[in-house]
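Heads up: the structure comes next, in structure tokens.
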Amino acid sequence: MFLTLGTDLAGVNAPASDFGFLLHKNPARPQAIEVTGGSAHVFYPEATDERCTAAVLLEIDPIGLVRAGRGKAAEGFTLGQYVNDRPYAASSLLAVALGKLFRTAMNGRCDARPELAARPIPLEIHVPALPCSSGADLAERLFAPLGWTVDARPVPLDPEIPAWGDSRYVDLRLTGVLRLADALNHLYVMLPVLDDAKHYWVGSDEVDKLVRAGEGWLAAHPEKDLISHRYLAHRRYLADAALERLAEVDGEELVDESSDEGSVSLAVERRTTVAGVLRELGARRIADIGCGEGALVGELLKDPMIGELIATDVSARALIWAKRRLHYDDLPDRQRDRLRFIQSSVTYSDERLAGLDAVVLMEVIEHVDPPRLPALAKSVFQAAHPAAVVVTTPNSEYNVLFPSLPAGNFRHPDHRFEWTRAEFETWSKQVADRYGYTVEFRPVGPVDPKLGAPTQLALFRQAVAR
């Protein structure tokens, strides 16, 4: 089982060999890890300043796979557990190996080259033998909406006998300009989807994996239903749970296809911007109100200067998923001591949130019925009365630039409204005047000269220092 990832880092002003930093694998030292039923190897066929290619070789022992209890999937008969294509064809086993080999890269972390990990780079991916049970066109349907140029060529059953036709395998090549973390997550999800088989037990933890790997792109994918059902082994209750969770991400997965720098996840850019504003404020005690599944909380936990972090949501289920997403029970004691989860409503005063350095309402106000907005403002700005409040909300003027969003629709079915820039500024200035704050506005995401940015941010500061 074989896969290569290559780049020349063209246009990013860095030697191609820096690719090794992004992957956290030294080009000069081949590495191997043990996986269920075999071993996975990483090595570099080429690593120069001009071009760098990393290769993943997965060696699977079918007998070892059966002994581990993972060889009884779709083969359907006893001999088929031992004689099959698992050692040769990319599948869920390769996806698992990628997750173990490149876990840090998939999370978008690279302390040695953080600026390189955060930006799209030119990538080429080659999977020579990929099971594709619905034909080569499925690879196009799955990868093309994510910004990839797809070349999926059916592999003939026998090149010497054309009359036999094509096999169910394709030779897949992907080229595009994307973040490495996004590319790895695309592969992690799509390999088992194309094969339409999971070669291990599929339970509720697989929903977490799918939502985590699909963050920033899956909710807006035109084939998200097919992807969810195939990834979760056609277990309807799991697929329904995954789709429900994806629907709760407030339109964050909408992709700005007008950007010259490739596909841009608003979710990632929004979190990064809000975290940057909080660092600018020097906030040490922060509450994320309406935290959802904890995406921003996870980002803020990376900052050691934050001493207290409170995550609140009106949904108890959302808090449970947030704890799972953040692996709360497995966090070091020092990290857990910094973080509290509280079930609370943004429209009711909560003394546990009083006197903080900053409160964040990231994509929250648009979920509140307009008649309840005065109660929201009173609970946050008067009762909690933090030193600063950061509010983000969609800019409805920008919606026309999202090709995947039907005209006149909100970005999420639970949105009660979506404001223009003028409407948001009017509301914000009225709130600031009433409760003794100043307010400034910042764009989030690429700015269109006429329509503004996709997300609008208001930064409120107390007019008189405490």
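Labels used: A, B, ... for chains in the order of the structure tokens, numbers from 1 for residues in each chain, and numbers from 1 for ligands as shown.
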Closest atom pairs, residues of region 120-237 of chain A within 12 Å of region 316-333 of chain A, only C-alpha atoms, as a tab-separated table:
```
residue	atom	partner	partner_atom	distance
A:Ser204	CA	A:Arg324	CA	11.3
A:Asp205	CA	A:Arg324	CA	9.3
A:Glu206	CA	A:Arg325	CA	11.9
A:Val207	CA	A:Trp321	CA	10.5
A:Asp208	CA	A:Arg325	CA	7.0
A:Lys209	CA	A:Arg325	CA	8.9
A:Leu210	CA	A:Arg325	CA	11.2
A:Val211	CA	A:Arg325	CA	9.2
A:Arg212	CA	A:Arg325	CA	7.4
A:Ala213	CA	A:Arg325	CA	11.0
A:Glu215	CA	A:Arg325	CA	11.5
```
Counting only C-alpha atoms, what is within 6 Å of region 276-293 of chain A, bar same-chain residues fewer than 3 positions away, as a PyMOL selection string?
chain A and resi 273+306-313+318+321-322+356-361
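Of the listed residues A:Pro386, A:Pro131, A:Gly37, A:Pro30, the one whose atoms come nearest to Gly355 (chain A) is A:Pro386, with distances taken using only C-alpha atoms.
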A:Thr36, A:Thr7, A:Thr347, A:Thr53: which is nearest Ile121 (chain A), counting only C-alpha atoms?
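Nearest to Ile121 (chain A): A:Thr7.
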Of the residues A:Met190, A:Arg372, A:Leu243, A:Phe102, which is the one nearest to Asp225 (chain A), using only C-alpha atoms?
A:Leu243
Pick from A:Asp18, A:Glu269, A:Asp182, A:Asp49 nearest to Ala453 (chain A), counting only C-alpha atoms:
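Looking only at the distances to Ala453 (chain A), the closest residue turns out to be A:Glu269.
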Which value, in Å to one decimal, gives the distance between CA of Pro45 (chain A) and CA of Thr4 (chain A)?
9.3 Å
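For the choices A:Leu93, A:Ser349, A:Arg271, A:Gly445, the atom-to-atom distance to Gly298 (chain A) is smallest for A:Arg271 when using only C-alpha atoms.
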Selection near Gly135 (chain A), 10 Å with only C-alpha atoms, sequence-local residues under 6 positions removed, as an MDAnalysis selection string
chainID A and resid 152:154 166:170 194
DSSP strand (DSSP E or B) residues within region 195-402 of chain A, as JSON, numbers by chain
{"A": [255, 265, 285, 286, 287, 288, 289, 308, 309, 310, 311, 312, 313, 339, 340, 341, 342, 343, 358, 359, 360, 361, 362, 388, 389, 390, 391, 392, 393, 394]}
Could you list, as a PDB file with N, CA and C atoms, in the first residue's frame, every residue within 12 Å of Phe410 (chain A), counting only C-alpha atoms and ignoring same-chain residues fewer than 3 positions away?
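Produced file out_20.pdb, reproduced below:
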```pdb
ATOM      1  N   ASP A 250     -22.762  26.470  12.500  1.00  0.00           N
ATOM      2  CA  ASP A 250     -23.088  27.867  12.212  1.00  0.00           C
ATOM      3  C   ASP A 250     -22.559  28.366  10.884  1.00  0.00           C
ATOM      4  N   GLY A 251     -22.561  27.500   9.886  1.00  0.00           N
ATOM      5  CA  GLY A 251     -22.104  27.949   8.592  1.00  0.00           C
ATOM      6  C   GLY A 251     -20.629  28.196   8.512  1.00  0.00           C
ATOM      7  N   LEU A 254     -18.471  27.263   5.293  1.00  0.00           N
ATOM      8  CA  LEU A 254     -18.568  27.907   3.998  1.00  0.00           C
ATOM      9  C   LEU A 254     -17.187  28.319   3.522  1.00  0.00           C
ATOM     10  N   GLU A 366     -26.742  35.792  16.160  1.00  0.00           N
ATOM     11  CA  GLU A 366     -27.680  35.512  15.070  1.00  0.00           C
ATOM     12  C   GLU A 366     -28.582  34.314  15.350  1.00  0.00           C
ATOM     13  N   HIS A 367     -28.292  33.566  16.421  1.00  0.00           N
ATOM     14  CA  HIS A 367     -29.138  32.441  16.828  1.00  0.00           C
ATOM     15  C   HIS A 367     -30.220  32.876  17.818  1.00  0.00           C
ATOM     16  N   THR A 393     -20.293  37.977  13.862  1.00  0.00           N
ATOM     17  CA  THR A 393     -21.559  37.583  13.260  1.00  0.00           C
ATOM     18  C   THR A 393     -21.405  37.640  11.741  1.00  0.00           C
ATOM     19  N   PRO A 394     -22.197  36.874  10.989  1.00  0.00           N
ATOM     20  CA  PRO A 394     -22.074  36.929   9.527  1.00  0.00           C
ATOM     21  C   PRO A 394     -22.415  38.309   8.971  1.00  0.00           C
ATOM     22  N   ASN A 395     -21.753  38.673   7.900  1.00  0.00           N
ATOM     23  CA  ASN A 395     -22.090  39.861   7.125  1.00  0.00           C
ATOM     24  C   ASN A 395     -22.978  39.397   5.977  1.00  0.00           C
ATOM     25  N   SER A 396     -24.255  39.699   6.049  1.00  0.00           N
ATOM     26  CA  SER A 396     -25.205  39.175   5.063  1.00  0.00           C
ATOM     27  C   SER A 396     -24.923  39.685   3.654  1.00  0.00           C
ATOM     28  N   GLU A 397     -24.287  40.854   3.533  1.00  0.00           N
ATOM     29  CA  GLU A 397     -23.985  41.391   2.204  1.00  0.00           C
ATOM     30  C   GLU A 397     -23.048  40.477   1.421  1.00  0.00           C
ATOM     31  N   TYR A 398     -22.206  39.744   2.146  1.00  0.00           N
ATOM     32  CA  TYR A 398     -21.183  38.902   1.515  1.00  0.00           C
ATOM     33  C   TYR A 398     -21.741  37.572   1.013  1.00  0.00           C
ATOM     34  N   ASN A 399     -22.956  37.238   1.422  1.00  0.00           N
ATOM     35  CA  ASN A 399     -23.503  35.915   1.111  1.00  0.00           C
ATOM     36  C   ASN A 399     -23.564  35.608  -0.377  1.00  0.00           C
ATOM     37  N   VAL A 400     -23.720  36.619  -1.190  1.00  0.00           N
ATOM     38  CA  VAL A 400     -23.832  36.383  -2.639  1.00  0.00           C
ATOM     39  C   VAL A 400     -22.544  35.824  -3.223  1.00  0.00           C
ATOM     40  N   PHE A 402     -20.863  33.327  -1.948  1.00  0.00           N
ATOM     41  CA  PHE A 402     -20.755  31.905  -1.649  1.00  0.00           C
ATOM     42  C   PHE A 402     -21.556  31.119  -2.686  1.00  0.00           C
ATOM     43  N   SER A 404     -22.102  28.037  -2.984  1.00  0.00           N
ATOM     44  CA  SER A 404     -22.869  26.916  -2.439  1.00  0.00           C
ATOM     45  C   SER A 404     -24.080  27.359  -1.633  1.00  0.00           C
ATOM     46  N   LEU A 405     -24.284  28.681  -1.469  1.00  0.00           N
ATOM     47  CA  LEU A 405     -25.383  29.183  -0.657  1.00  0.00           C
ATOM     48  C   LEU A 405     -26.488  29.722  -1.573  1.00  0.00           C
ATOM     49  N   PRO A 406     -27.685  29.090  -1.579  1.00  0.00           N
ATOM     50  CA  PRO A 406     -28.769  29.575  -2.434  1.00  0.00           C
ATOM     51  C   PRO A 406     -29.135  31.012  -2.112  1.00  0.00           C
ATOM     52  N   ALA A 407     -29.492  31.758  -3.134  1.00  0.00           N
ATOM     53  CA  ALA A 407     -29.826  33.169  -2.959  1.00  0.00           C
ATOM     54  C   ALA A 407     -30.961  33.329  -1.946  1.00  0.00           C
ATOM     55  N   PRO A 413     -29.532  27.017   9.114  1.00  0.00           N
ATOM     56  CA  PRO A 413     -30.989  27.009   9.277  1.00  0.00           C
ATOM     57  C   PRO A 413     -31.467  27.533  10.620  1.00  0.00           C
ATOM     58  N   ASP A 414     -30.587  27.574  11.642  1.00  0.00           N
ATOM     59  CA  ASP A 414     -31.000  28.060  12.957  1.00  0.00           C
ATOM     60  C   ASP A 414     -30.794  29.567  13.115  1.00  0.00           C
ATOM     61  N   HIS A 415     -30.240  30.233  12.115  1.00  0.00           N
ATOM     62  CA  HIS A 415     -30.059  31.678  12.223  1.00  0.00           C
ATOM     63  C   HIS A 415     -31.411  32.376  12.201  1.00  0.00           C
ATOM     64  N   ARG A 416     -31.600  33.281  13.155  1.00  0.00           N
ATOM     65  CA  ARG A 416     -32.846  34.065  13.209  1.00  0.00           C
ATOM     66  C   ARG A 416     -32.767  35.308  12.331  1.00  0.00           C
ATOM     67  N   PHE A 417     -31.539  35.739  12.068  1.00  0.00           N
ATOM     68  CA  PHE A 417     -31.314  36.911  11.214  1.00  0.00           C
ATOM     69  C   PHE A 417     -29.859  36.891  10.789  1.00  0.00           C
ATOM     70  N   GLU A 418     -29.523  37.653   9.794  1.00  0.00           N
ATOM     71  CA  GLU A 418     -28.138  37.942   9.420  1.00  0.00           C
ATOM     72  C   GLU A 418     -28.083  39.400   9.016  1.00  0.00           C
ATOM     73  N   TRP A 419     -27.210  40.160   9.666  1.00  0.00           N
ATOM     74  CA  TRP A 419     -27.201  41.598   9.526  1.00  0.00           C
ATOM     75  C   TRP A 419     -26.234  42.077   8.445  1.00  0.00           C
TER      76      TRP A 419
END
```
Name all residues at most 8 Å from Arg461 (chain A) (count only C-alpha atoms; drop same-chain ones fewer than 3 positions away) and give them as an MDAnalysis selection string.
chainID A and resid 387:389 437:439
Under the rule that only C-alpha atoms are counted, which of A:Asp240, A:Glu223, A:Glu50, A:Glu34 is the nearest residue to Ala139 (chain A)?
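For Ala139 (chain A), the nearest of the given residues is A:Glu223.
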Do you know which residues are at most 12 Å from Val202 (chain A) counting only C-alpha atoms, after dropping those on the same chain fewer than 3 positions away, and could you put them as a PyMOL selection string?
chain A and resi 70+73+92+192+197-199+205-210+229-239
Go ahead and save the picked residues with C-alpha atoms, as a CSV table (one decimal), in the first residue's frame.
```csv
chain,number,residue,atom,x,y,z
A,70,ARG,CA,-9.9,-6.8,12.1
A,73,ALA,CA,-15.0,-7.1,7.1
A,92,SER,CA,-9.2,2.7,5.9
A,192,PRO,CA,-12.3,4.8,3.4
A,197,ALA,CA,-15.4,-0.3,3.7
A,198,LYS,CA,-14.1,0.1,7.2
A,199,HIS,CA,-11.8,-2.7,8.3
A,205,ASP,CA,-16.0,7.4,18.5
A,206,GLU,CA,-15.9,7.3,14.7
A,207,VAL,CA,-18.4,10.2,14.6
A,208,ASP,CA,-16.0,12.3,16.7
A,209,LYS,CA,-13.2,11.4,14.2
A,210,LEU,CA,-15.3,12.4,11.2
A,229,HIS,CA,-22.8,7.2,5.5
A,230,ARG,CA,-19.9,5.5,3.8
A,231,TYR,CA,-17.4,6.7,6.4
A,232,LEU,CA,-19.6,5.4,9.2
A,233,ALA,CA,-20.2,2.0,7.5
A,234,HIS,CA,-23.8,2.8,6.5
A,235,ARG,CA,-24.9,2.8,10.2
A,236,ARG,CA,-27.7,5.3,9.8
A,237,TYR,CA,-27.9,6.3,13.5
A,238,LEU,CA,-24.2,7.3,13.4
A,239,ALA,CA,-24.5,9.1,10.1
```
So which bits of region 350-410 of chain A end up alpha helix (DSSP H) when you DSSP the backbone, as a PyMOL selection string?
chain A and resi 373-377
Keeping N, CA and C atoms, export the residues of the selection given above as an mmCIF file, in the first residue's frame.
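The resulting file, out_27.cif, is reproduced below:
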```cif
data_model
loop_
_atom_site.group_PDB
_atom_site.id
_atom_site.type_symbol
_atom_site.label_atom_id
_atom_site.label_comp_id
_atom_site.auth_asym_id
_atom_site.auth_seq_id
_atom_site.Cartn_x
_atom_site.Cartn_y
_atom_site.Cartn_z
ATOM 1 N N LEU A 373 -32.717 40.025 22.082
ATOM 2 C CA LEU A 373 -31.404 40.668 22.049
ATOM 3 C C LEU A 373 -31.181 41.664 23.191
ATOM 4 N N PRO A 374 -32.197 42.434 23.607
ATOM 5 C CA PRO A 374 -31.964 43.308 24.781
ATOM 6 C C PRO A 374 -31.598 42.512 26.037
ATOM 7 N N ALA A 375 -32.212 41.330 26.217
ATOM 8 C CA ALA A 375 -31.866 40.497 27.372
ATOM 9 C C ALA A 375 -30.433 39.994 27.257
ATOM 10 N N LEU A 376 -30.004 39.648 26.055
ATOM 11 C CA LEU A 376 -28.617 39.232 25.830
ATOM 12 C C LEU A 376 -27.655 40.360 26.195
ATOM 13 N N ALA A 377 -27.956 41.548 25.688
ATOM 14 C CA ALA A 377 -27.068 42.680 25.961
ATOM 15 C C ALA A 377 -26.988 42.970 27.466
#
```
